[in-house]
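In what follows, a structure is listed as structure tokens, so that the remarks can point back to it.
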Amino acid sequence: MHGTVDRLKNETQEAARERACSIPLDQFDPGDPELFRTDSFWPYFDRLRQEEPVHYCRDSLFGPYWSVTRYNDIMEIETNHSVFSSAASLGGITIRDIAPDLRRESFIAMDQPRHGAQRKTVAPMFTPTHLDQLAINIRKRSTECLDNLPRGDVFDWVDKVSIELTTQMLAVLFDFPWEDRRKLTRWSDVATTLPGPGGLVATEDERQAELMECARYFSHLWKERIDQPPKSDLLSMMAHSPATRDMDPKNFLGNLILLIVGGNDTTRNTLSGSIYALNQNPDQYRKLKQNPDLIDSFVPEVIRWQTPLAHMRRTALADIEFRGKQIKKGDKVVMWYVSGNRDEEVIERPYEFIIDRARPRTHISFGFGIHRCVGLRLAELQLKIIWEEILKRFDTIEVVEEPKRVYSSFIKGYETLPVRIAG
């Protein structure tokens, strides 16, 4: 079966390469979600980095947009806050524009100085002292989850491990009712999905109805926390901070969705990606088993290799010439992290998965500058502890089928990943 799977995968990739080489650059639409669902976007970004690293797409599912594909160019856009805005009021941080009446501020979709004040509210969750406390909890829940996995039978790693462990962690961070924790998974998926027939939600109205349910549920918890002494969960931190306690309903829901998606999707998909990467690179799997201390460099390498968020978007506040291109005020500018993490000029042998890289933290998966992921240390800690426990228990976790990938050019993730652990 493996041979057939690999052959079909190679044929798909070869067809994608031929198409990416043959169509004119002015017809490129690298943000097409279908390219991500089929994992066939790579040659498009390879060509853009080489031939037109700042590229304009005139027409797409998401309207016109600029693509920035090289590592150092992305860093420059990330740090030029006077020209490139994250503000929700201008469309936010994804290639997909949110309708003006549905735009919700969150601290990632907000410019200075308000961004810094709201972000600081949740930062204490990720201090070294607090992470040490969370580590005990992560290890306990990881061991329980891994000890209950079936042996000898095929099961879905995404559902049984990746979703379960990240959702448990999210419930702990929010001090969320344990029995309802899968609601967090659902809200995260609904917040980032593209509505359509046969999709997670069929229409934008359905999506908004579920997100309002999320807002109502959290409003009830918020009222409880605001009447209690401050505690160390994210909701209590926000309820008792001057920067966030008087948020309007849209800002409240915007920050909730940011924390739910940020705490769920990214770690979930990197955890699934780590299993897939090691199966694709059995020599690295052997290396890790022989020397478990390599987990410290393995974790950032898999975060680079997976790049769980394919892009972030900015909106130009003024006309600017950038790398010889004329970007106009109001233009949408998409920074493709997934391309920057394969930039040969910055990362040696970027397509190879190398768990003992000399500089494994040279990647842009967490963003850069003031909007760099606030929870990155927690994400790394979760992956490190889970893999320490995996290596204690299982000789090999075998991927038995190609994963089903998410239809999204924002979330680079897996819907399913069928695996087997030897009995």
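Ligands are numbered from 1 in the order shown, chains are lettered A, B, ... in the order of the structure tokens, and residues start at 1 in each chain.
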
Write out, as a tab-separated table, each residue of range 143-212 of chain A that has an atom at most 10 Å from range 218-226 of chain A, together with the closest pair of atoms and their distance in Å to one decimal, counting only C-alpha atoms, rows going by chain and rising number.
residue	atom	partner	partner_atom	distance
A:Phe174	CA	A:Leu221	CA	9.6
A:Asp175	CA	A:Leu221	CA	9.3
A:Phe176	CA	A:Leu221	CA	8.2
A:Pro177	CA	A:Leu221	CA	9.4
A:Met212	CA	A:Phe218	CA	9.8

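Taking CA of Asp32 in chain A and CA of Leu200 in chain A as endpoints, the distance between them is 18.2 Å.
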
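Restricting the calculation to only C-alpha atoms, the smallest distance between Arg420 in chain A and any of A:Val334, A:Ile347, A:Leu391, A:Val400 is found for A:Val400.
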
Each residue of range 170-240 of chain A lying at most 12 Å from range 267-272 of chain A should get a row with its shortest atom-to-atom pair and the distance in Å to one decimal, counting only C-alpha atoms; could you produce that, ordered by chain and increasing number, as a tab-separated table?
residue	atom	partner	partner_atom	distance
A:Leu170	CA	A:Thr267	CA	10.7
A:Thr185	CA	A:Arg268	CA	10.2
A:Ser188	CA	A:Arg268	CA	11.3
A:Asp189	CA	A:Arg268	CA	11.5

Write the residues of the selection above to a file with N, CA and C atoms, as an mmCIF file, in the first residue's frame.
data_model
loop_
_atom_site.group_PDB
_atom_site.id
_atom_site.type_symbol
_atom_site.label_atom_id
_atom_site.label_comp_id
_atom_site.auth_asym_id
_atom_site.auth_seq_id
_atom_site.Cartn_x
_atom_site.Cartn_y
_atom_site.Cartn_z
ATOM 1 N N LEU A 170 -5.843 23.808 26.100
ATOM 2 C CA LEU A 170 -6.629 25.027 25.951
ATOM 3 C C LEU A 170 -7.646 25.156 27.090
ATOM 4 N N THR A 185 -12.504 23.083 20.239
ATOM 5 C CA THR A 185 -12.023 22.558 18.951
ATOM 6 C C THR A 185 -12.960 22.997 17.824
ATOM 7 N N SER A 188 -12.729 26.727 17.075
ATOM 8 C CA SER A 188 -11.472 27.011 16.377
ATOM 9 C C SER A 188 -11.598 26.657 14.902
ATOM 10 N N ASP A 189 -12.139 25.476 14.620
ATOM 11 C CA ASP A 189 -12.280 25.025 13.233
ATOM 12 C C ASP A 189 -13.255 25.919 12.454
#

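Take CA of Gln326 in chain A and CA of Ala88 in chain A: the distance between them is 23.4 Å.
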
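Closest to Leu294 in chain A among A:Glu206, A:Asp233, A:Glu388, A:Asp159 is A:Glu388, based on only C-alpha atoms.
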
Give me, as a CSV table (one decimal) with N, CA, C and O atoms, in the first residue's frame, the residues of range 164-282 of chain A that a backbone DSSP run labels helix (DSSP H, G or I).
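Contents of result-v2.csv, as written:
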chain,number,residue,atom,x,y,z
A,164,GLU,N,-7.0,16.1,20.9
A,164,GLU,CA,-7.3,15.8,22.3
A,164,GLU,C,-6.3,16.5,23.2
A,164,GLU,O,-6.7,17.2,24.1
A,165,LEU,N,-5.0,16.4,22.9
A,165,LEU,CA,-4.0,17.0,23.8
A,165,LEU,C,-4.0,18.6,23.8
A,165,LEU,O,-3.9,19.2,24.8
A,166,THR,N,-4.2,19.1,22.6
A,166,THR,CA,-4.2,20.6,22.5
A,166,THR,C,-5.5,21.2,23.0
A,166,THR,O,-5.5,22.2,23.7
A,167,THR,N,-6.6,20.4,22.9
A,167,THR,CA,-7.9,20.9,23.4
A,167,THR,C,-7.8,20.8,25.0
A,167,THR,O,-8.3,21.7,25.6
A,168,GLN,N,-7.2,19.8,25.5
A,168,GLN,CA,-7.1,19.7,27.0
A,168,GLN,C,-6.3,20.9,27.5
A,168,GLN,O,-6.6,21.5,28.5
A,169,MET,N,-5.2,21.2,26.8
A,169,MET,CA,-4.3,22.3,27.2
A,169,MET,C,-5.1,23.6,27.2
A,169,MET,O,-5.0,24.5,28.1
A,170,LEU,N,-5.8,23.8,26.1
A,170,LEU,CA,-6.6,25.0,26.0
A,170,LEU,C,-7.6,25.2,27.1
A,170,LEU,O,-7.9,26.3,27.6
A,171,ALA,N,-8.3,24.0,27.4
A,171,ALA,CA,-9.3,24.1,28.5
A,171,ALA,C,-8.6,24.5,29.9
A,171,ALA,O,-9.1,25.2,30.7
A,172,VAL,N,-7.3,24.0,30.1
A,172,VAL,CA,-6.6,24.4,31.3
A,172,VAL,C,-6.3,25.9,31.2
A,172,VAL,O,-6.4,26.6,32.2
A,173,LEU,N,-5.8,26.4,30.1
A,173,LEU,CA,-5.4,27.8,30.0
A,173,LEU,C,-6.6,28.7,30.2
A,173,LEU,O,-6.4,29.8,30.8
A,174,PHE,N,-7.8,28.3,29.8
A,174,PHE,CA,-9.0,29.2,30.0
A,174,PHE,C,-9.7,28.8,31.3
A,174,PHE,O,-10.7,29.5,31.7
A,178,TRP,N,-14.4,21.2,31.8
A,178,TRP,CA,-13.7,20.1,31.1
A,178,TRP,C,-14.6,19.3,30.2
A,178,TRP,O,-14.2,18.9,29.1
A,179,GLU,N,-15.9,19.0,30.6
A,179,GLU,CA,-16.8,18.2,29.8
A,179,GLU,C,-17.2,18.8,28.5
A,179,GLU,O,-17.6,18.2,27.6
A,180,ASP,N,-17.0,20.2,28.4
A,180,ASP,CA,-17.4,20.9,27.2
A,180,ASP,C,-16.1,21.2,26.3
A,180,ASP,O,-16.3,22.0,25.4
A,182,ARG,N,-14.4,20.0,23.9
A,182,ARG,CA,-14.4,19.9,22.5
A,182,ARG,C,-15.1,21.0,21.8
A,182,ARG,O,-15.0,21.2,20.5
A,183,LYS,N,-15.9,21.8,22.5
A,183,LYS,CA,-16.5,23.0,21.9
A,183,LYS,C,-15.4,23.9,21.4
A,183,LYS,O,-15.5,24.6,20.4
A,184,LEU,N,-14.3,24.0,22.2
A,184,LEU,CA,-13.2,24.8,21.8
A,184,LEU,C,-12.6,24.4,20.5
A,184,LEU,O,-12.3,25.2,19.6
A,185,THR,N,-12.5,23.1,20.2
A,185,THR,CA,-12.0,22.6,19.0
A,185,THR,C,-13.0,23.0,17.8
A,185,THR,O,-12.5,23.5,16.8
A,186,ARG,N,-14.2,22.8,18.1
A,186,ARG,CA,-15.2,23.2,17.1
A,186,ARG,C,-15.2,24.7,16.7
A,186,ARG,O,-15.2,25.0,15.5
A,187,TRP,N,-15.1,25.5,17.7
A,187,TRP,CA,-15.1,27.0,17.5
A,187,TRP,C,-13.8,27.4,16.8
A,187,TRP,O,-13.9,28.2,15.9
A,188,SER,N,-12.7,26.7,17.1
A,188,SER,CA,-11.5,27.0,16.4
A,188,SER,C,-11.6,26.7,14.9
A,188,SER,O,-11.2,27.4,14.0
A,189,ASP,N,-12.1,25.5,14.6
A,189,ASP,CA,-12.3,25.0,13.2
A,189,ASP,C,-13.3,25.9,12.5
A,189,ASP,O,-13.0,26.3,11.3
A,190,VAL,N,-14.4,26.3,13.1
A,190,VAL,CA,-15.4,27.1,12.5
A,190,VAL,C,-14.8,28.5,12.2
A,190,VAL,O,-15.1,29.1,11.1
A,191,ALA,N,-14.0,29.0,13.1
A,191,ALA,CA,-13.5,30.4,12.9
A,191,ALA,C,-12.6,30.5,11.7
A,191,ALA,O,-12.5,31.5,11.1
A,192,THR,N,-11.9,29.4,11.4
A,192,THR,CA,-10.9,29.5,10.3
A,192,THR,C,-11.3,28.8,9.0
A,192,THR,O,-10.6,28.9,8.0
A,204,GLU,N,-21.8,31.7,5.5
A,204,GLU,CA,-21.2,32.6,6.5
A,204,GLU,C,-22.2,32.8,7.7
A,204,GLU,O,-21.7,33.0,8.8
A,205,ASP,N,-23.5,32.8,7.4
A,205,ASP,CA,-24.5,33.0,8.5
A,205,ASP,C,-24.3,31.8,9.5
A,205,ASP,O,-24.4,32.1,10.7
A,206,GLU,N,-24.1,30.6,9.0
A,206,GLU,CA,-24.0,29.5,9.9
A,206,GLU,C,-22.7,29.7,10.8
A,206,GLU,O,-22.7,29.4,12.0
A,207,ARG,N,-21.6,30.1,10.2
A,207,ARG,CA,-20.4,30.4,10.9
A,207,ARG,C,-20.6,31.4,12.0
A,207,ARG,O,-20.3,31.2,13.2
A,208,GLN,N,-21.3,32.5,11.6
A,208,GLN,CA,-21.5,33.6,12.6
A,208,GLN,C,-22.4,33.1,13.8
A,208,GLN,O,-22.2,33.5,14.9
A,209,ALA,N,-23.4,32.3,13.5
A,209,ALA,CA,-24.3,31.7,14.5
A,209,ALA,C,-23.5,30.9,15.5
A,209,ALA,O,-23.7,31.1,16.7
A,210,GLU,N,-22.5,30.1,15.1
A,210,GLU,CA,-21.7,29.3,16.0
A,210,GLU,C,-20.7,30.2,16.8
A,210,GLU,O,-20.5,30.0,18.0
A,211,LEU,N,-20.2,31.2,16.1
A,211,LEU,CA,-19.2,32.1,16.8
A,211,LEU,C,-20.0,32.9,17.9
A,211,LEU,O,-19.4,33.2,19.0
A,212,MET,N,-21.3,33.3,17.6
A,212,MET,CA,-22.0,34.0,18.7
A,212,MET,C,-22.3,33.0,19.8
A,212,MET,O,-22.4,33.5,21.0
A,213,GLU,N,-22.5,31.7,19.6
A,213,GLU,CA,-22.6,30.8,20.6
A,213,GLU,C,-21.4,30.8,21.5
A,213,GLU,O,-21.4,30.7,22.7
A,214,CYS,N,-20.2,30.8,20.8
A,214,CYS,CA,-18.9,30.9,21.6
A,214,CYS,C,-18.9,32.1,22.5
A,214,CYS,O,-18.5,32.1,23.6
A,215,ALA,N,-19.3,33.3,21.9
A,215,ALA,CA,-19.3,34.5,22.7
A,215,ALA,C,-20.2,34.4,23.9
A,215,ALA,O,-19.9,34.9,25.0
A,216,ARG,N,-21.4,33.9,23.7
A,216,ARG,CA,-22.4,33.7,24.8
A,216,ARG,C,-21.8,32.8,25.9
A,216,ARG,O,-21.9,33.2,27.1
A,217,TYR,N,-21.2,31.7,25.5
A,217,TYR,CA,-20.7,30.8,26.5
A,217,TYR,C,-19.6,31.5,27.3
A,217,TYR,O,-19.6,31.4,28.5
A,218,PHE,N,-18.7,32.2,26.6
A,218,PHE,CA,-17.6,32.8,27.3
A,218,PHE,C,-18.0,34.0,28.1
A,218,PHE,O,-17.4,34.3,29.2
A,219,SER,N,-19.1,34.7,27.7
A,219,SER,CA,-19.6,35.8,28.5
A,219,SER,C,-20.1,35.4,29.8
A,219,SER,O,-19.9,36.1,30.8
A,220,HIS,N,-20.7,34.2,29.9
A,220,HIS,CA,-21.2,33.6,31.1
A,220,HIS,C,-19.9,33.4,32.0
A,220,HIS,O,-20.0,33.7,33.2
A,221,LEU,N,-18.9,32.8,31.5
A,221,LEU,CA,-17.7,32.5,32.3
A,221,LEU,C,-17.0,33.8,32.7
A,221,LEU,O,-16.5,33.9,33.9
A,222,TRP,N,-17.0,34.8,31.8
A,222,TRP,CA,-16.4,36.1,32.1
A,222,TRP,C,-17.1,36.8,33.3
A,222,TRP,O,-16.4,37.3,34.2
A,223,LYS,N,-18.4,36.7,33.4
A,223,LYS,CA,-19.2,37.3,34.5
A,223,LYS,C,-18.8,36.6,35.8
A,223,LYS,O,-18.7,37.3,36.8
A,224,GLU,N,-18.6,35.3,35.8
A,224,GLU,CA,-18.1,34.6,37.0
A,224,GLU,C,-16.7,35.1,37.4
A,224,GLU,O,-16.5,35.4,38.6
A,225,ARG,N,-15.8,35.2,36.4
A,225,ARG,CA,-14.4,35.5,36.8
A,225,ARG,C,-14.3,37.0,37.3
A,225,ARG,O,-13.5,37.2,38.2
A,226,ILE,N,-15.1,37.9,36.7
A,226,ILE,CA,-14.9,39.3,37.1
A,226,ILE,C,-15.4,39.5,38.5
A,226,ILE,O,-14.9,40.4,39.2
A,234,LEU,N,-6.4,32.6,31.5
A,234,LEU,CA,-6.5,33.7,30.5
A,234,LEU,C,-7.7,34.5,30.6
A,234,LEU,O,-7.6,35.8,30.5
A,235,LEU,N,-8.8,33.9,30.9
A,235,LEU,CA,-10.1,34.7,31.0
A,235,LEU,C,-10.0,35.6,32.2
A,235,LEU,O,-10.4,36.8,32.1
A,236,SER,N,-9.6,35.1,33.4
A,236,SER,CA,-9.5,36.0,34.6
A,236,SER,C,-8.4,37.1,34.3
A,236,SER,O,-8.7,38.2,34.8
A,237,MET,N,-7.3,36.8,33.7
A,237,MET,CA,-6.3,37.8,33.4
A,237,MET,C,-6.9,39.0,32.6
A,237,MET,O,-6.7,40.1,32.9
A,238,MET,N,-7.7,38.6,31.6
A,238,MET,CA,-8.4,39.6,30.8
A,238,MET,C,-9.4,40.4,31.5
A,238,MET,O,-9.6,41.6,31.4
A,239,ALA,N,-10.2,39.7,32.3
A,239,ALA,CA,-11.3,40.3,33.1
A,239,ALA,C,-10.8,41.3,34.1
A,239,ALA,O,-11.5,42.3,34.4
A,249,PRO,N,-18.1,44.0,22.7
A,249,PRO,CA,-18.3,42.6,22.4
A,249,PRO,C,-17.5,42.0,21.2
A,249,PRO,O,-17.1,40.9,21.2
A,250,LYS,N,-17.3,42.9,20.2
A,250,LYS,CA,-16.5,42.4,19.0
A,250,LYS,C,-15.0,42.2,19.4
A,250,LYS,O,-14.4,41.2,19.0
A,251,ASN,N,-14.4,43.1,20.1
A,251,ASN,CA,-13.1,42.9,20.6
A,251,ASN,C,-12.9,41.7,21.5
A,251,ASN,O,-12.0,40.9,21.4
A,252,PHE,N,-13.9,41.5,22.4
A,252,PHE,CA,-14.0,40.3,23.3
A,252,PHE,C,-13.9,39.0,22.5
A,252,PHE,O,-13.1,38.2,22.7
A,253,LEU,N,-14.8,38.9,21.5
A,253,LEU,CA,-14.9,37.7,20.7
A,253,LEU,C,-13.6,37.6,19.8
A,253,LEU,O,-13.1,36.5,19.6
A,254,GLY,N,-13.1,38.7,19.3
A,254,GLY,CA,-11.9,38.7,18.5
A,254,GLY,C,-10.7,38.1,19.3
A,254,GLY,O,-10.0,37.2,18.8
A,255,ASN,N,-10.6,38.6,20.5
A,255,ASN,CA,-9.4,38.0,21.3
A,255,ASN,C,-9.7,36.6,21.7
A,255,ASN,O,-8.7,35.8,21.8
A,256,LEU,N,-10.9,36.2,22.0
A,256,LEU,CA,-11.2,34.8,22.3
A,256,LEU,C,-10.8,33.9,21.1
A,256,LEU,O,-10.1,32.9,21.3
A,257,ILE,N,-11.2,34.3,19.9
A,257,ILE,CA,-11.0,33.5,18.7
A,257,ILE,C,-9.4,33.4,18.5
A,257,ILE,O,-8.9,32.3,18.2
A,258,LEU,N,-8.8,34.5,18.7
A,258,LEU,CA,-7.3,34.5,18.5
A,258,LEU,C,-6.6,33.5,19.5
A,258,LEU,O,-5.8,32.7,19.1
A,259,LEU,N,-7.0,33.5,20.7
A,259,LEU,CA,-6.4,32.7,21.7
A,259,LEU,C,-6.8,31.2,21.5
A,259,LEU,O,-6.0,30.3,21.7
A,260,ILE,N,-8.0,31.0,21.1
A,260,ILE,CA,-8.5,29.6,20.8
A,260,ILE,C,-7.7,29.0,19.6
A,260,ILE,O,-7.2,27.9,19.7
A,261,VAL,N,-7.7,29.8,18.5
A,261,VAL,CA,-7.0,29.3,17.3
A,261,VAL,C,-5.5,29.2,17.5
A,261,VAL,O,-4.9,28.2,17.2
A,262,GLY,N,-5.0,30.2,18.1
A,262,GLY,CA,-3.5,30.2,18.4
A,262,GLY,C,-3.1,29.1,19.3
A,262,GLY,O,-2.0,28.5,19.2
A,263,GLY,N,-3.9,28.8,20.3
A,263,GLY,CA,-3.6,27.7,21.2
A,263,GLY,C,-3.9,26.3,20.8
A,263,GLY,O,-3.6,25.3,21.4
A,264,ASN,N,-4.7,26.3,19.7
A,264,ASN,CA,-5.2,25.0,19.2
A,264,ASN,C,-4.6,24.5,17.9
A,264,ASN,O,-3.8,23.6,17.8
A,265,ASP,N,-4.9,25.3,16.9
A,265,ASP,CA,-4.6,24.9,15.5
A,265,ASP,C,-3.1,24.7,15.3
A,265,ASP,O,-2.6,23.7,14.7
A,266,THR,N,-2.3,25.6,15.8
A,266,THR,CA,-0.9,25.6,15.5
A,266,THR,C,-0.2,24.4,16.1
A,266,THR,O,0.5,23.6,15.4
A,267,THR,N,-0.4,24.2,17.4
A,267,THR,CA,0.3,23.0,18.1
A,267,THR,C,-0.3,21.7,17.5
A,267,THR,O,0.4,20.7,17.3
A,268,ARG,N,-1.6,21.7,17.3
A,268,ARG,CA,-2.3,20.5,16.8
A,268,ARG,C,-1.7,20.0,15.5
A,268,ARG,O,-1.3,18.9,15.3
A,269,ASN,N,-1.5,21.0,14.6
A,269,ASN,CA,-1.0,20.6,13.2
A,269,ASN,C,0.4,20.3,13.2
A,269,ASN,O,0.9,19.5,12.4
A,270,THR,N,1.2,20.9,14.1
A,270,THR,CA,2.6,20.6,14.2
A,270,THR,C,2.8,19.2,14.8
A,270,THR,O,3.7,18.5,14.4
A,271,LEU,N,2.0,18.9,15.8
A,271,LEU,CA,2.1,17.6,16.4
A,271,LEU,C,1.7,16.5,15.3
A,271,LEU,O,2.4,15.4,15.3
A,272,SER,N,0.7,16.7,14.5
A,272,SER,CA,0.4,15.7,13.4
A,272,SER,C,1.6,15.8,12.4
A,272,SER,O,2.0,14.7,12.0
A,273,GLY,N,2.1,17.0,12.1
A,273,GLY,CA,3.1,17.1,11.1
A,273,GLY,C,4.4,16.4,11.6
A,273,GLY,O,5.2,15.9,10.8
A,274,SER,N,4.7,16.3,12.9
A,274,SER,CA,5.9,15.7,13.4
A,274,SER,C,5.8,14.2,13.1
A,274,SER,O,6.9,13.6,12.7
A,275,ILE,N,4.7,13.5,13.3
A,275,ILE,CA,4.6,12.1,12.9
A,275,ILE,C,4.8,11.9,11.4
A,275,ILE,O,5.5,11.0,11.0
A,276,TYR,N,4.1,12.8,10.6
A,276,TYR,CA,4.2,12.6,9.2
A,276,TYR,C,5.7,12.9,8.7
A,276,TYR,O,6.2,12.1,7.9
A,277,ALA,N,6.3,13.9,9.3
A,277,ALA,CA,7.7,14.2,8.9
A,277,ALA,C,8.7,13.1,9.2
A,277,ALA,O,9.5,12.7,8.3
A,278,LEU,N,8.5,12.5,10.3
A,278,LEU,CA,9.4,11.4,10.7
A,278,LEU,C,9.2,10.1,9.8
A,278,LEU,O,10.1,9.4,9.5
A,279,ASN,N,7.9,9.9,9.4
A,279,ASN,CA,7.6,8.8,8.5
A,279,ASN,C,8.2,9.1,7.1
A,279,ASN,O,8.6,8.1,6.4
A,280,GLN,N,8.2,10.3,6.7
A,280,GLN,CA,8.7,10.7,5.4
A,280,GLN,C,10.3,10.6,5.4
A,280,GLN,O,10.9,10.5,4.4
A,282,PRO,N,12.7,8.4,7.5
A,282,PRO,CA,13.0,7.4,8.4
A,282,PRO,C,14.4,7.5,9.0
A,282,PRO,O,14.6,7.0,10.2

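The spacing separating CA of Val346 in chain A from CA of Tyr71 in chain A amounts to 7.0 Å.
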
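With only C-alpha atoms as the atoms that count, the minimum distance from Cys21 in chain A to the choices A:Leu48, A:Leu378, A:Leu90, A:Leu35 is reached by A:Leu48.
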
So that I can check the surroundings of Pro64 in chain A, please list as a PyMOL selection string every protein, DNA and RNA residue that reaches within 9 Å of it, counting only C-alpha atoms and ignoring chain neighbours fewer than 5 positions away. chain A and resi 56-59+331-332

Write out as a PDB file with all heavy atoms, in the first residue's frame which residues come within 8 Å of Ser409 in chain A when counting only C-alpha atoms, dropping same-chain ones fewer than 4 positions away.
ATOM      1  N   GLY A  31      -2.466  31.660  -3.436  1.00  0.00           N
ATOM      2  CA  GLY A  31      -3.358  31.547  -2.292  1.00  0.00           C
ATOM      3  C   GLY A  31      -4.565  30.655  -2.525  1.00  0.00           C
ATOM      4  O   GLY A  31      -5.438  30.552  -1.658  1.00  0.00           O
ATOM      5  N   ASP A  32      -4.622  29.985  -3.663  1.00  0.00           N
ATOM      6  CA  ASP A  32      -5.734  29.077  -3.952  1.00  0.00           C
ATOM      7  C   ASP A  32      -5.748  27.938  -2.919  1.00  0.00           C
ATOM      8  O   ASP A  32      -4.801  27.145  -2.859  1.00  0.00           O
ATOM      9  CB  ASP A  32      -5.559  28.516  -5.372  1.00  0.00           C
ATOM     10  CG  ASP A  32      -6.655  27.545  -5.764  1.00  0.00           C
ATOM     11  OD1 ASP A  32      -7.534  27.246  -4.932  1.00  0.00           O
ATOM     12  OD2 ASP A  32      -6.631  27.053  -6.912  1.00  0.00           O
ATOM     13  N   PRO A  33      -6.809  27.808  -2.102  1.00  0.00           N
ATOM     14  CA  PRO A  33      -6.814  26.776  -1.059  1.00  0.00           C
ATOM     15  C   PRO A  33      -6.674  25.351  -1.594  1.00  0.00           C
ATOM     16  O   PRO A  33      -6.197  24.458  -0.882  1.00  0.00           O
ATOM     17  CB  PRO A  33      -8.171  26.953  -0.365  1.00  0.00           C
ATOM     18  CG  PRO A  33      -8.679  28.280  -0.789  1.00  0.00           C
ATOM     19  CD  PRO A  33      -8.041  28.598  -2.103  1.00  0.00           C
ATOM     20  N   LEU A  35      -4.612  24.293  -3.761  1.00  0.00           N
ATOM     21  CA  LEU A  35      -3.178  23.956  -3.808  1.00  0.00           C
ATOM     22  C   LEU A  35      -2.709  23.424  -2.454  1.00  0.00           C
ATOM     23  O   LEU A  35      -1.831  22.561  -2.384  1.00  0.00           O
ATOM     24  CB  LEU A  35      -2.347  25.176  -4.196  1.00  0.00           C
ATOM     25  CG  LEU A  35      -2.528  25.739  -5.602  1.00  0.00           C
ATOM     26  CD1 LEU A  35      -1.705  27.016  -5.773  1.00  0.00           C
ATOM     27  CD2 LEU A  35      -2.131  24.709  -6.660  1.00  0.00           C
ATOM     28  N   PHE A  36      -3.288  23.940  -1.377  1.00  0.00           N
ATOM     29  CA  PHE A  36      -2.892  23.506  -0.032  1.00  0.00           C
ATOM     30  C   PHE A  36      -3.555  22.187   0.321  1.00  0.00           C
ATOM     31  O   PHE A  36      -2.947  21.331   0.975  1.00  0.00           O
ATOM     32  CB  PHE A  36      -3.230  24.599   0.994  1.00  0.00           C
ATOM     33  CG  PHE A  36      -2.292  25.780   0.893  1.00  0.00           C
ATOM     34  CD1 PHE A  36      -2.458  26.746  -0.095  1.00  0.00           C
ATOM     35  CD2 PHE A  36      -1.206  25.896   1.748  1.00  0.00           C
ATOM     36  CE1 PHE A  36      -1.577  27.812  -0.216  1.00  0.00           C
ATOM     37  CE2 PHE A  36      -0.316  26.958   1.636  1.00  0.00           C
ATOM     38  CZ  PHE A  36      -0.506  27.918   0.653  1.00  0.00           C
ATOM     39  N   ALA A 310       0.159  29.200   7.215  1.00  0.00           N
ATOM     40  CA  ALA A 310       0.860  29.400   5.937  1.00  0.00           C
ATOM     41  C   ALA A 310       1.209  30.857   5.682  1.00  0.00           C
ATOM     42  O   ALA A 310       2.191  31.151   5.007  1.00  0.00           O
ATOM     43  CB  ALA A 310       0.018  28.860   4.785  1.00  0.00           C
ATOM     44  N   HIS A 311       0.405  31.775   6.223  1.00  0.00           N
ATOM     45  CA  HIS A 311       0.657  33.188   5.927  1.00  0.00           C
ATOM     46  C   HIS A 311       0.119  34.093   7.032  1.00  0.00           C
ATOM     47  O   HIS A 311      -0.650  33.656   7.890  1.00  0.00           O
ATOM     48  CB  HIS A 311       0.014  33.590   4.593  1.00  0.00           C
ATOM     49  CG  HIS A 311      -1.485  33.758   4.651  1.00  0.00           C
ATOM     50  ND1 HIS A 311      -2.354  32.754   4.267  1.00  0.00           N
ATOM     51  CD2 HIS A 311      -2.277  34.801   5.040  1.00  0.00           C
ATOM     52  CE1 HIS A 311      -3.605  33.174   4.416  1.00  0.00           C
ATOM     53  NE2 HIS A 311      -3.588  34.411   4.893  1.00  0.00           N
TER      54      HIS A 311
END

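Considering only C-alpha atoms, the residue among A:Gln382, A:Thr244, A:Ser408, A:Gln306 positioned nearest to Thr121 in chain A is A:Thr244.
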
Range 41-258 of chain A: which residues are strand (DSSP E or B) by DSSP, as JSON, numbers by chain? {"A": [54, 55, 56, 57, 65, 66, 67, 68, 84, 85, 154, 155, 156]}

Counting only C-alpha atoms, what is within 12 Å of Ala135 in chain A, bar same-chain residues fewer than 3 positions away, as a PyMOL selection string? chain A and resi 126+128-132+138-142+169+172+377-386

Would you export the selected residues with C-alpha atoms as a PDB file, in the first residue's frame, please?
ATOM      1  CA  PHE A 126       3.800  32.341  29.266  1.00  0.00           C
ATOM      2  CA  PRO A 128       9.074  30.651  32.737  1.00  0.00           C
ATOM      3  CA  THR A 129       7.553  30.142  36.222  1.00  0.00           C
ATOM      4  CA  HIS A 130       4.080  29.590  34.836  1.00  0.00           C
ATOM      5  CA  LEU A 131       5.369  27.314  32.075  1.00  0.00           C
ATOM      6  CA  ASP A 132       7.074  25.160  34.730  1.00  0.00           C
ATOM      7  CA  ILE A 138       1.070  18.637  30.141  1.00  0.00           C
ATOM      8  CA  ARG A 139       3.104  15.576  31.122  1.00  0.00           C
ATOM      9  CA  LYS A 140       0.296  14.066  33.191  1.00  0.00           C
ATOM     10  CA  ARG A 141      -2.267  14.475  30.415  1.00  0.00           C
ATOM     11  CA  SER A 142       0.164  13.290  27.724  1.00  0.00           C
ATOM     12  CA  MET A 169      -4.306  22.303  27.199  1.00  0.00           C
ATOM     13  CA  VAL A 172      -6.580  24.377  31.253  1.00  0.00           C
ATOM     14  CA  ARG A 377       7.360  28.849  24.290  1.00  0.00           C
ATOM     15  CA  LEU A 378       4.264  26.942  25.384  1.00  0.00           C
ATOM     16  CA  ALA A 379       3.891  25.421  21.904  1.00  0.00           C
ATOM     17  CA  GLU A 380       7.513  24.241  21.995  1.00  0.00           C
ATOM     18  CA  LEU A 381       7.092  22.916  25.542  1.00  0.00           C
ATOM     19  CA  GLN A 382       4.002  20.885  24.620  1.00  0.00           C
ATOM     20  CA  LEU A 383       5.712  19.299  21.627  1.00  0.00           C
ATOM     21  CA  LYS A 384       8.858  18.547  23.625  1.00  0.00           C
ATOM     22  CA  ILE A 385       7.025  16.823  26.502  1.00  0.00           C
ATOM     23  CA  ILE A 386       4.691  14.842  24.232  1.00  0.00           C
TER      24      ILE A 386
END
